[in-house]
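Structure first, then comments.
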Amino acid sequence: DTLPYLYHLPSLEMHRVPFGVNQMTCSGMEDHIAQCQMSTTASCHHRYAHLKCFDSVQQFYSTTGTLTSDNYPGRYNPNTDNLYIIKPPPGLYKLSVDVFQMADIGDILQIKESPFGKELGKYSVSSYIPVALSSQFWIRFKTDDQRSARGFKLHWSPFDFKDLLSLNCEVNRWGAAINITLLKMANLQVNYSDIYMTDPDCYGQIVGDKLLFNQLYSECGSTKNISHFYITYQNNLTFISENVTHEIPLECQIFKDDRVLHNHQIDENLELDDDNANGSTESLFHVDLYYDSELTQTDEDQFSGKLVYRITVKEDHYDHYLLLAQCFLTTKKNGIDETFLIVKNSSPLLENVIIKYLEKGVIVLEVQVSDNVSSYLECEASWKL
């Protein structure tokens, strides 16, 4: 559907057999004018002309590369028809579009696997462009004579099995997903039940176009490494295709927030605000507040001059012993905030403070106070083997 046009040559070109052309229709992908559909019944005359289907044709042969529309990142030229041919060395390649902005529906980007082969996509305004897989790409960028916009930027590179994976690391579980469409485009003959984590019993769940793996970090044979700032979890996705085993590595690095936080909010009726009673859901710690040393009283009417915090490491976060390096307690009374350093170097600084290490991941911090007022506890945790 190109629009070939004839224009006069500056000098005579001789051909073996002269002929006249009445009508001509080209797809735009021809290598030679003879491949176009035409009528040659017209009489010959001395009007010498040349046929042009595309404004430009560019070819690329590298393994990796980047392609942009003309004038990018400025606006592309209107009323143009350009062909880009990507013919890398033999193999399977992925084509990813990084930027795509068309001015109107008359501007299109067409991607094919060969001149007359399968169309991998045809896109215009507001199009979502997925990754394309092929051994080569024929890309046509056609614009109308109306407005123009930024255009496109894309890149190609060899296909890797890692390209099937998207990973969204959650606080306590994997957020891994296999792209089913890419799996099919890569012609990988594999059953979804043959894709699993290190533990063969850990399969994925099909949701739309994805095969999701949302297992906990504590499951499926995941390994864990603790550094000063991060917890790193590792696993693999394994799948078998045509009797060949492939592995895609998984790694999630979670920031290690070593703060113990608790907000004890009291309203006008001196009632505990349950919404703020425990630590953040993204914290490594769970904090419960009691009014007695036996950890049984939670009603404000049972207040007897002490705040008792039970601090617990959430399941599967650490194999080390928890210590409190230092703690600050801020109280608010009559609109005035007062902050006290109550623990330093894992030891109480004040006589009214008691620390009990019950087990590897559980600490009880008891603070004697005169009134049950709003308060905020912040501790810096430390660890020992």
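Lettering and numbering for the structure tokens are positional, with chains as A, B, ... in the shown order, residues counted from 1 in each chain, and ligands counted from 1 in the shown order.
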For Gly91 in chain A, work out the shell of residues within 9 Å, counting only C-alpha atoms and skipping chain neighbours fewer than 4 positions away, then give it as an MDAnalysis selection string. chainID A and resid 134:136 158:159
Preceding selection exported with C-alpha atoms as a PDB file, in the first residue's frame:
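Saved file again_19.pdb follows:
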```
ATOM      1  CA  SER A 134      12.014 -12.850  15.253  1.00  0.00           C
ATOM      2  CA  SER A 135      15.220 -13.669  13.388  1.00  0.00           C
ATOM      3  CA  GLN A 136      14.934 -10.354  11.520  1.00  0.00           C
ATOM      4  CA  PRO A 158      19.624 -11.461  21.144  1.00  0.00           C
ATOM      5  CA  PHE A 159      16.765 -13.193  22.929  1.00  0.00           C
TER       6      PHE A 159
END
```
Within 8 Å of range 343-346 of chain A using only C-alpha atoms, minus same-chain residues under 2 positions, as number ranges by chain: A: 323-328, 341, 348-350
Which of these residues is nearest to Leu237 in chain A, using only C-alpha atoms: A:Cys379, A:Ala177, A:Ile206, A:Val287?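 Residue with the minimum atom-to-atom distance to Leu237 in chain A: A:Ala177.
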All residues 12 Å or closer to Tyr196 in chain A, only C-alpha atoms, same chain fewer than 5 positions away omitted, as a ChimeraX atom specification: /A:176-178,190-191,201-205,211-215,220-221,235-240,245-250
Mind pulling up the distance from CA of Tyr84 in chain A to CA of Ile139 in chain A?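 Interatomic distance here is 5.0 Å.
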Write out as a list of chain:residue names the set of residues from range 89-181 of chain A that DSSP, computed on the backbone, places in helix (DSSP H, G or I).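 The helix (DSSP H, G or I) residues within range 89-181 of chain A come out as A:Phe161, A:Lys162, A:Asp163, A:Leu164, A:Ile180, A:Thr181.
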Skipping near chain neighbours, those fewer than 6 positions away, what residues fall within 7 Å of range 167-173 of chain A using only C-alpha atoms, listed as a list in words?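 What passes the distance filter is Asn214, Gln215, Leu216, Tyr217, Cys252, Ile254 and Glu282 of chain A.
Nearest residue to Tyr76 in chain A, choosing from A:Ser127, A:Gln101, A:Gln58, A:Ser227 and counting only C-alpha atoms: A:Gln101.
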From the list A:Ala132, A:Leu188, A:Gln23, A:Trp383, which residue is nearest Val244 in chain A when using only C-alpha atoms?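 Smallest separation from Val244 in chain A among the options: A:Leu188.
Using only C-alpha atoms, the shortest contact distance between Leu365 in chain A and any of A:Ile336, A:Val308, A:Val313, A:Leu165 is found at A:Val308.
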Suppose you want the space between CA of Ile311 in chain A and CA of Thr232 in chain A; what is it in Å?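 Separation of CA of Ile311 in chain A and CA of Thr232 in chain A: 23.3 Å.
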DSSP-assigned strand (DSSP E) among range 206-384 of chain A, expressed as a ChimeraX atom specification: /A:206-207,210-213,223-226,230-241,244-255,259-264,285-290,306-313,321-333,336-344,347-348,353-359,362-368,374-384
